[in-house]
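S.K.: Dropping a structure here in structure tokens format, bear with me for questions.
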Amino acid sequence: MQTIDLRGVTCPTNFVMAKLELEDIEAGTTVEFLLDDGEPVKNVPRSLKDEGHKLLGLKEQDGYYTLLLEKGAD
Amino acid sequence: MAEQKIDLRNLKAGGFIKERGKDLFTVRLRVPGGRLSVDRLAKIAEVAQKYGKGYVHLSVRQSIELINVNFADFDAVVAELGEEQQKVASCGARVRVPTACGGCEYNPNGLIDTQKSALEVDEKLFGTATGHHKFKVCFAGCPFDCPKSSINDVGFQGAVWPSLDADACIGCGLCAKSCTEGALAMADGKPVFDAQKCIYCGDCIKVCPTGAWSAAKKGYTVRIGGKWGRRPLVGTLYATFLPEERAVDFIAAVLAWYQEKAEGAGRVRLGDIIIREGCQSLLDHLRRDFAGFVVAETVPPQVIVNQIPLPGQA
Ligand code: HEM
Ligand code: SF4
Ligand code: SF4
Ligand code: SF4
């Protein structure tokens, strides 16, 4: 599974990067994003859901979050 | 009597404030909710250029003030602005132009359409004589209260009551972490809601990545009796989840109470009348028409201690 590390990237750049990464991935594929605590984790998952992707899980470990997402159809 | 050079009706409509200089006035233009079309802005700029001093002032209550207008030009100013759409703003003991944040449309924090409410109040109540003192109304989109609604005679704040769809929750814990009031705690991987602590801000709804939280009801939290100035008061709670479409009627009911109770008191603001009459009287009055929304009890407007005059000054 592909892991996209967005730690250290601030809003809204992290969301735009996630969006660009997802463009090259096939619908139905599961991807993992690493997100910083604070604003990034509050905003990015919700915005990705608004774009039509399916959120499978969001877990905190060692001060950052791992978002598990299934790419939605365009 | 000398021939009248200007139409006094324009003056009585309010919005003309005498300046220091001879014959000079400030003309205050109303901008309900702080929003105006670019066309109107351009028109105002044109009139200000022609009759003013090359600048305008943005008042703290979101009005545009034309500075240094000669009183002989009043009629021309009013005519060129087009009086119907550009009603001059009020001064004096009247309902003032309502202020509002731009919340809902572009700010993700906005919970309610404050701009719509401000326009409605402006259309239906602006300029109503109170008989006693000025009367200010303000709409904030959420409990952040950027436009400081609670220091108005009647202040509104958008509010939502959160409700959880446990099946949609993936147990990430973000909502509990985001709730600044400690109204949410995680237990067995799901958030548990403590209604006693909730301030209806909707942060949980906004942060939830799966949409498990939604608004079960929506409306205005209403505080009454605030003002600023030399002796500041912060308004206190009278209603919760007042539906948007009842805001105008609610203000009208508060006004009716003020008009009656302040009879003979002179220039006294609503908050000081509440302190004198007791808040129970206003609660009872409002409960007649707004039973489901008026709170069981409240406290008098909160006096802000501003520390002047200094104690013990000789
Ligand atoms: C004839 C007398 C008055 C005139 C011409 C006047 C004029 C004004 C103007 C031009 C502003 C906007 C200021 C700005 O944005 O820079 C303003 C705001 C304000 N005035 Fe007055 N004022 C008068 C009397 C009063 C009195 C007696 C009080 C208090 C009891 C008061 C309280 C306020 C407050 C608190 C604000 C700012 C906040 C708000 O509008 O709610 N004013 N006034
Ligand atoms: S009061 Fe709320 S809705 Fe209005 S500007 Fe502030 S945060 Fe936005
Ligand atoms: S509405 Fe605000 S205060 Fe209430 S539970 Fe949600 S985040 Fe907490
Ligand atoms: S934010 Fe949403 S998904 Fe996460 S724990 Fe709260 S309700 Fe569940």
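In the structure tokens, each chain is lettered A, B, ... as it comes, each chain's residues begin at 1, and ligands are numbered from 1 in order of appearance.
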Could you work out which residues of chain A fall inside 6 Å of chain B? Count only C-alpha atoms, and format the result as a ChimeraX atom specification.

M.R.: /A:42,45-46,58-59

S.K.: Restrict the selected residues to N, CA and C atoms and save them as an mmCIF file, in the first residue's frame.

M.R.:
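Written out: out.cif:
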data_model
loop_
_atom_site.group_PDB
_atom_site.id
_atom_site.type_symbol
_atom_site.label_atom_id
_atom_site.label_comp_id
_atom_site.auth_asym_id
_atom_site.auth_seq_id
_atom_site.Cartn_x
_atom_site.Cartn_y
_atom_site.Cartn_z
ATOM 1 N N LYS A 42 -7.327 18.175 11.402
ATOM 2 C CA LYS A 42 -8.707 18.660 11.493
ATOM 3 C C LYS A 42 -9.273 18.979 10.121
ATOM 4 N N PRO A 45 -8.578 15.364 6.331
ATOM 5 C CA PRO A 45 -9.500 14.237 6.145
ATOM 6 C C PRO A 45 -10.889 14.683 5.697
ATOM 7 N N ARG A 46 -11.410 15.722 6.323
ATOM 8 C CA ARG A 46 -12.740 16.220 6.003
ATOM 9 C C ARG A 46 -12.799 16.720 4.558
ATOM 10 N N LEU A 58 -8.736 6.528 10.957
ATOM 11 C CA LEU A 58 -7.859 7.635 11.312
ATOM 12 C C LEU A 58 -7.352 7.351 12.717
ATOM 13 N N LYS A 59 -6.039 7.113 12.831
ATOM 14 C CA LYS A 59 -5.490 6.713 14.128
ATOM 15 C C LYS A 59 -4.301 7.573 14.507
#

S.K.: Enumerate, in order of chain and increasing residue number, the residues of chain B with an atom no farther than 7 Å from ligand 1, each with its shortest atom pair and distance in Å to one decimal, counting only C-alpha atoms and all ligand atoms, as a Markdown table.

M.R.:
| residue | atom | partner | partner_atom_place_in_ligand_line | distance |
| --- | --- | --- | --- | --- |
| B:Ile17 | CA | ligand 1 | 5 (C) | 5.6 |
| B:Leu58 | CA | ligand 1 | 15 (O) | 5.9 |
| B:Ser59 | CA | ligand 1 | 15 (O) | 2.9 |
| B:Val60 | CA | ligand 1 | 15 (O) | 3.6 |
| B:Arg61 | CA | ligand 1 | 40 (O) | 5.0 |
| B:Lys136 | CA | ligand 1 | 41 (O) | 6.9 |
| B:Asn152 | CA | ligand 1 | 41 (O) | 6.9 |
| B:Lys227 | CA | ligand 1 | 35 (C) | 6.6 |
| B:Trp228 | CA | ligand 1 | 35 (C) | 4.4 |
| B:Gly229 | CA | ligand 1 | 35 (C) | 4.0 |
| B:Arg230 | CA | ligand 1 | 29 (C) | 6.3 |

S.K.: Using only C-alpha atoms, which protein or nucleic acid residues come within 9 Å of Pro32 in chain B? Drop anything in the same chain fewer than 6 positions from it, and give the result as a list in words.

M.R.: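 That gives Gln62, Ser63, Val97, Pro98, Thr99, Ala100, Gln115, Ala118, Leu119, Val121 and Asp122 of chain B.
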
S.K.: Given a cut-off of 10 Å, what residues near ligand 2 show up using only C-alpha atoms and all ligand atoms, put as a PyMOL selection string?

M.R.: chain B and resi 100-114+139-149+156-159+201

S.K.: Can you measure CA of Leu41 in chain B to CA of Glu19 in chain B for me? One decimal in Å is fine.

M.R.: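 Separation of CA of Leu41 in chain B and CA of Glu19 in chain B: 23.4 Å.
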
S.K.: Taking only C-alpha atoms and all ligand atoms into account, produce a table as CSV in which each residue of chain B with an atom at most 7 Å from an atom of ligand 3 appears once, together with its shortest atom pair and the distance in Å to one decimal, ordered by chain and rising number.

M.R.:
residue,atom,partner,partner_atom_place_in_ligand_line,distance
B:Val160,CA,ligand 3,1 (S),6.6
B:Trp161,CA,ligand 3,1 (S),6.3
B:Pro162,CA,ligand 3,1 (S),5.7
B:Cys175,CA,ligand 3,7 (S),6.7
B:Ser178,CA,ligand 3,7 (S),6.3
B:Cys179,CA,ligand 3,7 (S),3.9
B:Thr180,CA,ligand 3,8 (Fe),6.3
B:Glu181,CA,ligand 3,3 (S),5.2
B:Gly182,CA,ligand 3,8 (Fe),6.5
B:Ala183,CA,ligand 3,5 (S),4.9
B:Leu184,CA,ligand 3,5 (S),5.6
B:Phe193,CA,ligand 3,5 (S),6.3
B:Lys197,CA,ligand 3,3 (S),6.6
B:Cys198,CA,ligand 3,4 (Fe),3.7
B:Ile199,CA,ligand 3,3 (S),4.5
B:Tyr200,CA,ligand 3,1 (S),4.0
B:Cys201,CA,ligand 3,2 (Fe),4.0
B:Gly202,CA,ligand 3,1 (S),3.9
B:Asp203,CA,ligand 3,7 (S),4.2
B:Cys204,CA,ligand 3,7 (S),4.2
B:Ile205,CA,ligand 3,6 (Fe),6.6

S.K.: One decimal, Å: what's the distance from CA of Val154 in chain B over to CA of Ile308 in chain B, could you say?

M.R.: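 The value is 26.4 Å.
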
S.K.: Kindly give the distance, in Å, that separates CA of Phe290 in chain B and CA of Gly266 in chain B, rounded to a single decimal.

M.R.: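 That distance, rounded to one decimal, is 28.8 Å.
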
S.K.: So, counting only C-alpha atoms and all ligand atoms, which residue among A:Val41, A:Cys11, A:Ile25, A:Ile4 is closest to ligand 4?

M.R.: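 Going through A:Val41, A:Cys11, A:Ile25, A:Ile4 one by one, the smallest distance to ligand 4 is for A:Val41.
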